[in-house]
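Student: Right, I'll just put the structure down here and ask away after.
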Amino acid sequence: MVEKSEKAWEELSQLLDKYRGTKGCVIPVLQQAQAIFGYLPKDVLLTISKEIDVPISQIYGVVTFYAQFHLNPRGKNIVRSCQGTACHVRGAKLVLEAIKEKLGLAEGQVTTPDLKFTLETVACIGACGLAPCVMINDDTHGRLTPEKIGAILDAVE
């Protein structure tokens, strides 16, 4: 993840120069700004709003409507815990609790303080035959039990 450095702000400035005065540019600007900063901090949203002349309320509405946008820093590794029907009936809730415990996540917390992991719950990852399962970045792990999850997380760089 890129920190809010001078270089990142310069990249944002160049991005905004490219889109200034362009109608319908909110989503591409937000996508590219998020790629620069790793997430969309408040000061970036305010700058985008001012520079492309779109009310902050509209910018915020777009950011909070689409799941692809993130208002908080995310971890290097994204853990997606499937909570779909097949996973649910085969113990996904217990696996999810084991993940939270292993990562030391408090209630409502989704990213570890060291920014190594972000935990998301998803409705389905399309691997129902492997239920219960999780995806860590692009790797799917199936037929999980709470006892197996620790070793899997320990193996992630």
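In the structure tokens, each chain is lettered A, B, ... as it comes, each chain's residues begin at 1, and ligands are numbered from 1 in order of appearance.
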Please provide the set of residues having any atom within 9 Å of Ile78 of chain A, restricted to only C-alpha atoms, with same-chain residues fewer than 2 positions apart removed, written as JSON, numbers by chain.
Tutor: {"A": [74, 75, 76, 80, 116, 117, 118, 119, 120, 135, 136, 137, 138]}
Student: For the selection you just gave me, I'd like the residues written to a file as a CSV table (one decimal), in the first residue's frame, keeping all heavy atoms.
Tutor:
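File result.csv, as written:
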```csv
chain,number,residue,atom,x,y,z
A,74,ARG,N,-6.4,-1.0,4.0
A,74,ARG,CA,-6.6,-2.5,4.0
A,74,ARG,C,-5.3,-3.2,4.1
A,74,ARG,O,-4.2,-2.7,3.8
A,74,ARG,CB,-7.3,-2.8,2.6
A,74,ARG,CG,-8.7,-2.2,2.5
A,74,ARG,CD,-9.3,-2.3,1.2
A,74,ARG,NE,-9.2,-3.6,0.5
A,74,ARG,CZ,-10.1,-4.6,0.7
A,74,ARG,NH1,-11.0,-4.5,1.6
A,74,ARG,NH2,-10.0,-5.7,0.0
A,75,GLY,N,-5.4,-4.5,4.5
A,75,GLY,CA,-4.2,-5.3,4.8
A,75,GLY,C,-3.6,-5.7,3.4
A,75,GLY,O,-4.3,-5.7,2.4
A,76,LYS,N,-2.4,-6.2,3.6
A,76,LYS,CA,-1.7,-6.7,2.4
A,76,LYS,C,-2.3,-7.9,1.9
A,76,LYS,O,-2.4,-8.2,0.7
A,76,LYS,CB,-0.2,-7.0,2.8
A,76,LYS,CG,0.6,-7.7,1.8
A,76,LYS,CD,2.0,-8.0,2.4
A,76,LYS,CE,2.8,-8.8,1.4
A,76,LYS,NZ,4.0,-9.4,1.9
A,80,ARG,N,-11.2,-13.7,2.5
A,80,ARG,CA,-12.6,-13.7,2.2
A,80,ARG,C,-13.2,-15.0,2.8
A,80,ARG,O,-12.9,-16.1,2.3
A,80,ARG,CB,-12.9,-13.6,0.7
A,80,ARG,CG,-12.5,-12.2,0.2
A,80,ARG,CD,-12.7,-12.1,-1.3
A,80,ARG,NE,-12.3,-10.8,-1.8
A,80,ARG,CZ,-11.0,-10.5,-2.1
A,80,ARG,NH1,-10.1,-11.4,-2.1
A,80,ARG,NH2,-10.7,-9.2,-2.5
A,116,LYS,N,-1.4,-6.5,7.9
A,116,LYS,CA,-1.0,-7.7,7.2
A,116,LYS,C,-2.3,-8.4,6.6
A,116,LYS,O,-2.2,-9.0,5.5
A,116,LYS,CB,-0.3,-8.7,8.1
A,116,LYS,CG,0.2,-9.9,7.4
A,116,LYS,CD,1.1,-10.8,8.2
A,116,LYS,CE,1.6,-12.0,7.3
A,116,LYS,NZ,2.4,-12.9,8.1
A,117,PHE,N,-3.4,-8.3,7.3
A,117,PHE,CA,-4.6,-9.0,6.9
A,117,PHE,C,-5.8,-8.1,7.0
A,117,PHE,O,-6.0,-7.3,7.9
A,117,PHE,CB,-4.9,-10.2,7.8
A,117,PHE,CG,-4.0,-11.3,7.7
A,117,PHE,CD1,-2.9,-11.5,8.6
A,117,PHE,CD2,-4.1,-12.2,6.6
A,117,PHE,CE1,-2.0,-12.5,8.5
A,117,PHE,CE2,-3.2,-13.3,6.5
A,117,PHE,CZ,-2.2,-13.4,7.4
A,118,THR,N,-6.7,-8.2,6.0
A,118,THR,CA,-8.1,-7.7,6.1
A,118,THR,C,-9.0,-8.8,5.9
A,118,THR,O,-8.9,-9.6,5.0
A,118,THR,CB,-8.3,-6.6,5.0
A,118,THR,OG1,-7.5,-5.4,5.3
A,118,THR,CG2,-9.8,-6.2,5.0
A,119,LEU,N,-10.0,-8.9,6.8
A,119,LEU,CA,-11.0,-10.0,6.8
A,119,LEU,C,-12.3,-9.5,6.2
A,119,LEU,O,-12.8,-8.5,6.7
A,119,LEU,CB,-11.2,-10.6,8.2
A,119,LEU,CG,-12.3,-11.6,8.3
A,119,LEU,CD1,-12.1,-12.9,7.5
A,119,LEU,CD2,-12.5,-12.0,9.8
A,120,GLU,N,-12.8,-10.2,5.2
A,120,GLU,CA,-14.2,-9.8,4.6
A,120,GLU,C,-15.0,-11.1,4.7
A,120,GLU,O,-14.5,-12.2,4.5
A,120,GLU,CB,-14.0,-9.4,3.2
A,120,GLU,CG,-13.2,-8.2,3.0
A,120,GLU,CD,-13.0,-7.8,1.5
A,120,GLU,OE1,-13.3,-8.7,0.6
A,120,GLU,OE2,-12.6,-6.7,1.2
A,135,MET,N,-11.0,-17.7,0.8
A,135,MET,CA,-10.0,-17.3,-0.2
A,135,MET,C,-9.1,-16.3,0.5
A,135,MET,O,-9.5,-15.4,1.2
A,135,MET,CB,-10.6,-16.6,-1.3
A,135,MET,CG,-11.3,-17.4,-2.3
A,135,MET,SD,-11.9,-16.5,-3.8
A,135,MET,CE,-10.3,-16.2,-4.6
A,136,ILE,N,-7.8,-16.6,0.4
A,136,ILE,CA,-6.8,-15.7,0.8
A,136,ILE,C,-6.1,-15.2,-0.4
A,136,ILE,O,-5.4,-15.9,-1.1
A,136,ILE,CB,-5.8,-16.3,1.8
A,136,ILE,CG1,-6.6,-16.9,3.0
A,136,ILE,CG2,-4.7,-15.3,2.3
A,136,ILE,CD1,-5.8,-17.7,4.0
A,137,ASN,N,-6.3,-13.9,-0.7
A,137,ASN,CA,-5.9,-13.3,-2.0
A,137,ASN,C,-6.5,-14.1,-3.1
A,137,ASN,O,-7.7,-14.2,-3.2
A,137,ASN,CB,-4.3,-13.2,-2.0
A,137,ASN,CG,-3.8,-12.4,-0.9
A,137,ASN,OD1,-4.4,-11.4,-0.5
A,137,ASN,ND2,-2.7,-12.8,-0.3
A,138,ASP,N,-5.7,-14.8,-3.9
A,138,ASP,CA,-6.3,-15.6,-5.0
A,138,ASP,C,-6.3,-17.1,-4.7
A,138,ASP,O,-6.7,-17.9,-5.6
A,138,ASP,CB,-5.5,-15.3,-6.3
A,138,ASP,CG,-5.6,-13.9,-6.8
A,138,ASP,OD1,-6.7,-13.3,-6.6
A,138,ASP,OD2,-4.6,-13.3,-7.3
```
Student: Please identify all polymer residues within 7 Å of Ala92 of chain A, counting only C-alpha atoms, omitting same-chain residues fewer than 4 positions from it, and present them as an NGL selection string.
Tutor: :A and (82-83 or 87-88 or 96 or 132)
Student: Would you write out those residues with N, CA, C and O atoms, as a JSON list (two decimals), in the first residue's frame?
Tutor:
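And here's again03.json as it stands now:
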```
[["chain", "number", "residue", "atom", "x", "y", "z"],
["A", 82, "CYS", "N", -16.26, -17.32, 3.19],
["A", 82, "CYS", "CA", -17.55, -17.59, 2.57],
["A", 82, "CYS", "C", -18.59, -17.89, 3.65],
["A", 82, "CYS", "O", -18.36, -18.71, 4.54],
["A", 83, "GLN", "N", -19.73, -17.23, 3.53],
["A", 83, "GLN", "CA", -20.84, -17.45, 4.46],
["A", 83, "GLN", "C", -22.09, -17.92, 3.72],
["A", 83, "GLN", "O", -23.21, -17.81, 4.22],
["A", 87, "CYS", "N", -21.51, -23.39, 2.80],
["A", 87, "CYS", "CA", -20.48, -23.15, 3.82],
["A", 87, "CYS", "C", -21.12, -23.00, 5.20],
["A", 87, "CYS", "O", -20.61, -23.53, 6.19],
["A", 88, "HIS", "N", -22.24, -22.31, 5.24],
["A", 88, "HIS", "CA", -22.93, -22.10, 6.52],
["A", 88, "HIS", "C", -23.31, -23.42, 7.18],
["A", 88, "HIS", "O", -23.04, -23.62, 8.36],
["A", 96, "LEU", "N", -15.02, -18.77, 10.70],
["A", 96, "LEU", "CA", -14.89, -17.31, 10.77],
["A", 96, "LEU", "C", -14.43, -16.86, 12.15],
["A", 96, "LEU", "O", -13.54, -16.02, 12.28],
["A", 132, "PRO", "N", -16.75, -25.85, 4.22],
["A", 132, "PRO", "CA", -16.62, -24.39, 4.24],
["A", 132, "PRO", "C", -15.25, -23.98, 3.70],
["A", 132, "PRO", "O", -14.26, -24.70, 3.85]]
```
Student: Please identify which residues in segment 58-97 of chain A DSSP calls alpha helix (DSSP H) from the backbone, and express them as a ChimeraX atom specification.
Tutor: /A:58-65,85-89,92-97
Student: Store the residues of this selection in a file with all heavy atoms, as a compact mmCIF listing (two decimals), in the first residue's frame.
Tutor:
```txt
# COMPACT_ATOMS: atom_id res chain seq x y z
N GLN A 58 -22.09 13.63 -3.10
CA GLN A 58 -22.20 12.71 -4.24
C GLN A 58 -20.99 11.76 -4.27
O GLN A 58 -21.15 10.56 -4.50
CB GLN A 58 -22.30 13.49 -5.55
CG GLN A 58 -22.54 12.58 -6.75
CD GLN A 58 -22.71 13.37 -8.04
OE1 GLN A 58 -23.04 14.56 -8.03
NE2 GLN A 58 -22.48 12.71 -9.16
N ILE A 59 -19.81 12.29 -4.03
CA ILE A 59 -18.59 11.46 -3.99
C ILE A 59 -18.75 10.40 -2.91
O ILE A 59 -18.52 9.21 -3.13
CB ILE A 59 -17.34 12.33 -3.71
CG1 ILE A 59 -17.13 13.40 -4.77
CG2 ILE A 59 -16.11 11.46 -3.49
CD1 ILE A 59 -16.58 12.91 -6.08
N TYR A 60 -19.16 10.83 -1.72
CA TYR A 60 -19.32 9.91 -0.59
C TYR A 60 -20.40 8.87 -0.89
O TYR A 60 -20.26 7.70 -0.55
CB TYR A 60 -19.66 10.69 0.69
CG TYR A 60 -19.65 9.82 1.92
CD1 TYR A 60 -18.46 9.41 2.49
CD2 TYR A 60 -20.85 9.43 2.52
CE1 TYR A 60 -18.44 8.60 3.62
CE2 TYR A 60 -20.84 8.62 3.65
CZ TYR A 60 -19.64 8.21 4.20
OH TYR A 60 -19.64 7.42 5.31
N GLY A 61 -21.47 9.29 -1.54
CA GLY A 61 -22.53 8.36 -1.92
C GLY A 61 -22.03 7.26 -2.83
O GLY A 61 -22.37 6.09 -2.66
N VAL A 62 -21.19 7.60 -3.78
CA VAL A 62 -20.61 6.61 -4.71
C VAL A 62 -19.69 5.67 -3.94
O VAL A 62 -19.76 4.44 -4.08
CB VAL A 62 -19.87 7.30 -5.87
CG1 VAL A 62 -19.08 6.29 -6.69
CG2 VAL A 62 -20.85 8.06 -6.76
N VAL A 63 -18.82 6.24 -3.11
CA VAL A 63 -17.85 5.44 -2.36
C VAL A 63 -18.53 4.44 -1.43
O VAL A 63 -18.09 3.29 -1.30
CB VAL A 63 -16.88 6.36 -1.57
CG1 VAL A 63 -16.03 5.57 -0.60
CG2 VAL A 63 -16.00 7.13 -2.53
N THR A 64 -19.61 4.87 -0.79
CA THR A 64 -20.28 3.98 0.16
C THR A 64 -21.25 3.02 -0.52
O THR A 64 -21.63 2.01 0.07
CB THR A 64 -21.02 4.78 1.25
OG1 THR A 64 -21.94 5.68 0.63
CG2 THR A 64 -20.03 5.55 2.12
N PHE A 65 -21.64 3.29 -1.75
CA PHE A 65 -22.55 2.40 -2.46
C PHE A 65 -21.82 1.20 -3.04
O PHE A 65 -22.28 0.07 -2.95
CB PHE A 65 -23.27 3.16 -3.59
CG PHE A 65 -24.23 2.30 -4.37
CD1 PHE A 65 -25.49 2.00 -3.87
CD2 PHE A 65 -23.85 1.75 -5.59
CE1 PHE A 65 -26.37 1.20 -4.57
CE2 PHE A 65 -24.73 0.94 -6.31
CZ PHE A 65 -25.99 0.66 -5.80
N THR A 85 -24.74 -20.59 1.75
CA THR A 85 -25.54 -21.68 2.34
C THR A 85 -24.72 -22.94 2.56
O THR A 85 -24.73 -23.51 3.66
CB THR A 85 -26.76 -21.99 1.45
OG1 THR A 85 -27.52 -20.78 1.30
CG2 THR A 85 -27.63 -23.06 2.07
N ALA A 86 -24.03 -23.43 1.54
CA ALA A 86 -23.25 -24.66 1.69
C ALA A 86 -22.20 -24.51 2.78
O ALA A 86 -22.03 -25.40 3.63
CB ALA A 86 -22.60 -25.05 0.37
N CYS A 87 -21.51 -23.39 2.80
CA CYS A 87 -20.48 -23.15 3.82
C CYS A 87 -21.12 -23.00 5.20
O CYS A 87 -20.61 -23.53 6.19
CB CYS A 87 -19.65 -21.93 3.47
SG CYS A 87 -18.53 -22.22 2.09
N HIS A 88 -22.24 -22.31 5.24
CA HIS A 88 -22.93 -22.10 6.52
C HIS A 88 -23.31 -23.42 7.18
O HIS A 88 -23.04 -23.62 8.36
CB HIS A 88 -24.18 -21.23 6.30
CG HIS A 88 -25.01 -21.08 7.53
ND1 HIS A 88 -24.65 -20.26 8.56
CD2 HIS A 88 -26.19 -21.66 7.89
CE1 HIS A 88 -25.57 -20.33 9.52
NE2 HIS A 88 -26.51 -21.18 9.13
N VAL A 89 -23.92 -24.32 6.41
CA VAL A 89 -24.38 -25.58 7.01
C VAL A 89 -23.21 -26.50 7.36
O VAL A 89 -23.38 -27.43 8.15
CB VAL A 89 -25.40 -26.33 6.12
CG1 VAL A 89 -26.64 -25.49 5.90
CG2 VAL A 89 -24.80 -26.76 4.81
N ALA A 92 -19.18 -22.71 8.60
CA ALA A 92 -18.46 -21.49 8.25
C ALA A 92 -18.38 -20.50 9.41
O ALA A 92 -17.38 -19.79 9.55
CB ALA A 92 -19.11 -20.82 7.04
N LYS A 93 -19.41 -20.46 10.23
CA LYS A 93 -19.41 -19.51 11.35
C LYS A 93 -18.27 -19.82 12.33
O LYS A 93 -17.58 -18.91 12.79
CB LYS A 93 -20.76 -19.53 12.06
CG LYS A 93 -20.88 -18.48 13.13
CD LYS A 93 -22.28 -18.43 13.72
CE LYS A 93 -22.37 -17.32 14.75
NZ LYS A 93 -23.69 -17.20 15.34
N LEU A 94 -18.04 -21.08 12.59
CA LEU A 94 -16.96 -21.47 13.49
C LEU A 94 -15.60 -21.18 12.88
O LEU A 94 -14.66 -20.77 13.57
CB LEU A 94 -17.08 -22.95 13.87
CG LEU A 94 -18.31 -23.33 14.68
CD1 LEU A 94 -18.39 -24.85 14.85
CD2 LEU A 94 -18.30 -22.62 16.03
N VAL A 95 -15.48 -21.38 11.57
CA VAL A 95 -14.23 -21.06 10.86
C VAL A 95 -13.98 -19.55 10.92
O VAL A 95 -12.86 -19.11 11.20
CB VAL A 95 -14.26 -21.58 9.40
CG1 VAL A 95 -13.07 -21.04 8.61
CG2 VAL A 95 -14.30 -23.10 9.37
N LEU A 96 -15.02 -18.77 10.70
CA LEU A 96 -14.89 -17.31 10.77
C LEU A 96 -14.43 -16.86 12.15
O LEU A 96 -13.54 -16.02 12.28
CB LEU A 96 -16.22 -16.64 10.40
CG LEU A 96 -16.27 -15.12 10.47
CD1 LEU A 96 -15.26 -14.49 9.52
CD2 LEU A 96 -17.68 -14.62 10.17
N GLU A 97 -15.02 -17.43 13.18
CA GLU A 97 -14.62 -17.08 14.55
C GLU A 97 -13.16 -17.46 14.81
O GLU A 97 -12.44 -16.72 15.47
CB GLU A 97 -15.55 -17.75 15.57
CG GLU A 97 -16.96 -17.20 15.56
CD GLU A 97 -17.01 -15.68 15.74
OE1 GLU A 97 -16.31 -15.14 16.62
OE2 GLU A 97 -17.75 -15.02 14.98
```
Student: With distances taken over only C-alpha atoms, which residue among A:Ser5, A:Thr140, A:Thr145, A:Asn72 lies nearest Gln109 of chain A?
Tutor: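 Selected residue with least distance to Gln109 of chain A: A:Asn72.
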Student: To one decimal place in Å, what is the distance between atom CA of His70 of chain A and atom CA of Pro146 of chain A?
Tutor: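 Value for the atom CA of His70 of chain A-atom CA of Pro146 of chain A distance: 28.3 Å.
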Student: Using only C-alpha atoms, which protein or nucleic acid residues come within 10 Å of Cys25 of chain A? Drop anything in the same chain fewer than 6 positions from it, and give the result as number ranges by chain.
Tutor: A: 16, 19, 52, 54
Student: Write out as a list in words each polymer residue whose atoms come within 10 Å of segment 35-41 of chain A, counting only C-alpha atoms; drop sequence neighbours fewer than 5 positions from it.
Tutor: Met1, Val2, Glu3, Lys4, Ser5, Lys7, Ala8, Trp9, Glu11, Leu12, Leu15, Val29, Leu30, Leu46, Val63, Gln68, Phe69, His70, Leu71, Asn72, Pro73, Arg74, Gly75 and Lys76 of chain A
Student: Take the residues that were just selected and, keeping C-alpha atoms, output them as an mmCIF file, in the first residue's frame.
Tutor:
```cif
data_model
loop_
_atom_site.group_PDB
_atom_site.id
_atom_site.type_symbol
_atom_site.label_atom_id
_atom_site.label_comp_id
_atom_site.auth_asym_id
_atom_site.auth_seq_id
_atom_site.Cartn_x
_atom_site.Cartn_y
_atom_site.Cartn_z
ATOM 1 C CA MET A 1 0.000 0.000 0.000
ATOM 2 C CA VAL A 2 1.248 3.455 -0.901
ATOM 3 C CA GLU A 3 1.479 5.902 1.971
ATOM 4 C CA LYS A 4 0.161 9.441 1.606
ATOM 5 C CA SER A 5 3.466 10.713 0.303
ATOM 6 C CA LYS A 7 4.620 11.273 -4.793
ATOM 7 C CA ALA A 8 1.072 9.987 -4.245
ATOM 8 C CA TRP A 9 -0.302 13.524 -4.051
ATOM 9 C CA GLU A 11 -0.004 11.357 -8.976
ATOM 10 C CA LEU A 12 -3.446 12.434 -7.753
ATOM 11 C CA LEU A 15 -5.003 12.315 -12.450
ATOM 12 C CA VAL A 29 -11.217 8.992 -10.682
ATOM 13 C CA LEU A 30 -12.091 7.195 -7.445
ATOM 14 C CA LEU A 46 -12.343 16.333 -0.404
ATOM 15 C CA VAL A 63 -17.845 5.436 -2.361
ATOM 16 C CA GLN A 68 -14.958 -1.880 -4.465
ATOM 17 C CA PHE A 69 -14.184 1.363 -2.629
ATOM 18 C CA HIS A 70 -12.594 1.462 0.813
ATOM 19 C CA LEU A 71 -12.515 4.312 3.310
ATOM 20 C CA ASN A 72 -9.982 2.663 5.615
ATOM 21 C CA PRO A 73 -6.545 1.163 5.033
ATOM 22 C CA ARG A 74 -6.618 -2.478 3.961
ATOM 23 C CA GLY A 75 -4.248 -5.271 4.753
ATOM 24 C CA LYS A 76 -1.657 -6.689 2.404
#
```
Student: May I have all residues of chain A that DSSP, computed from the backbone, assigns to strand (DSSP E), given as a CSV table (one decimal) with N, CA and C atoms, in the first residue's frame?
Tutor:
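Output contents, as saved in states11.csv:
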```csv
chain,number,residue,atom,x,y,z
A,77,ASN,N,-2.9,-8.7,2.8
A,77,ASN,CA,-3.6,-10.0,2.4
A,77,ASN,C,-5.1,-9.9,2.7
A,78,ILE,N,-5.9,-10.2,1.7
A,78,ILE,CA,-7.4,-10.1,1.9
A,78,ILE,C,-7.9,-11.6,2.1
A,79,VAL,N,-8.5,-11.8,3.3
A,79,VAL,CA,-9.1,-13.1,3.6
A,79,VAL,C,-10.6,-12.9,3.4
A,80,ARG,N,-11.2,-13.7,2.5
A,80,ARG,CA,-12.6,-13.7,2.2
A,80,ARG,C,-13.2,-15.0,2.8
A,81,SER,N,-14.0,-14.9,3.8
A,81,SER,CA,-14.6,-16.0,4.4
A,81,SER,C,-16.0,-16.2,3.9
A,82,CYS,N,-16.3,-17.3,3.2
A,82,CYS,CA,-17.6,-17.6,2.6
A,82,CYS,C,-18.6,-17.9,3.7
A,117,PHE,N,-3.4,-8.3,7.3
A,117,PHE,CA,-4.6,-9.0,6.9
A,117,PHE,C,-5.8,-8.1,7.0
A,118,THR,N,-6.7,-8.2,6.0
A,118,THR,CA,-8.1,-7.7,6.1
A,118,THR,C,-9.0,-8.8,5.9
A,119,LEU,N,-10.0,-8.9,6.8
A,119,LEU,CA,-11.0,-10.0,6.8
A,119,LEU,C,-12.3,-9.5,6.2
A,120,GLU,N,-12.8,-10.2,5.2
A,120,GLU,CA,-14.2,-9.8,4.6
A,120,GLU,C,-15.0,-11.1,4.7
A,121,THR,N,-16.3,-10.9,4.9
A,121,THR,CA,-17.2,-12.0,4.7
A,121,THR,C,-17.9,-11.8,3.4
A,122,VAL,N,-18.1,-12.9,2.7
A,122,VAL,CA,-18.7,-12.8,1.3
A,122,VAL,C,-19.9,-13.8,1.3
A,134,VAL,N,-12.5,-20.5,2.4
A,134,VAL,CA,-12.0,-19.1,2.4
A,134,VAL,C,-11.1,-18.9,1.2
A,135,MET,N,-11.0,-17.7,0.8
A,135,MET,CA,-10.0,-17.3,-0.2
A,135,MET,C,-9.1,-16.3,0.5
A,136,ILE,N,-7.8,-16.6,0.4
A,136,ILE,CA,-6.8,-15.7,0.8
A,136,ILE,C,-6.1,-15.2,-0.4
A,139,ASP,N,-6.0,-17.5,-3.5
A,139,ASP,CA,-5.9,-18.9,-3.2
A,139,ASP,C,-7.1,-19.4,-2.4
A,140,THR,N,-7.8,-20.4,-2.9
A,140,THR,CA,-9.0,-21.0,-2.2
A,140,THR,C,-8.5,-22.1,-1.3
A,141,HIS,N,-9.0,-22.1,-0.1
A,141,HIS,CA,-8.8,-23.2,0.9
A,141,HIS,C,-10.1,-23.8,1.3
```
Student: From the set A:Gly84, A:Leu105, A:Val110, A:Ile152, which residue has the shortest atom-to-atom contact distance to Leu130 of chain A, counting only C-alpha atoms?
Tutor: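 Checking each candidate against Leu130 of chain A, we get A:Gly84 as the closest.
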Student: With distances taken over only C-alpha atoms, which residue among A:Lys42, A:Ala106, A:Ile125, A:Ala98 lies nearest Leu144 of chain A?
Tutor: A:Ala98
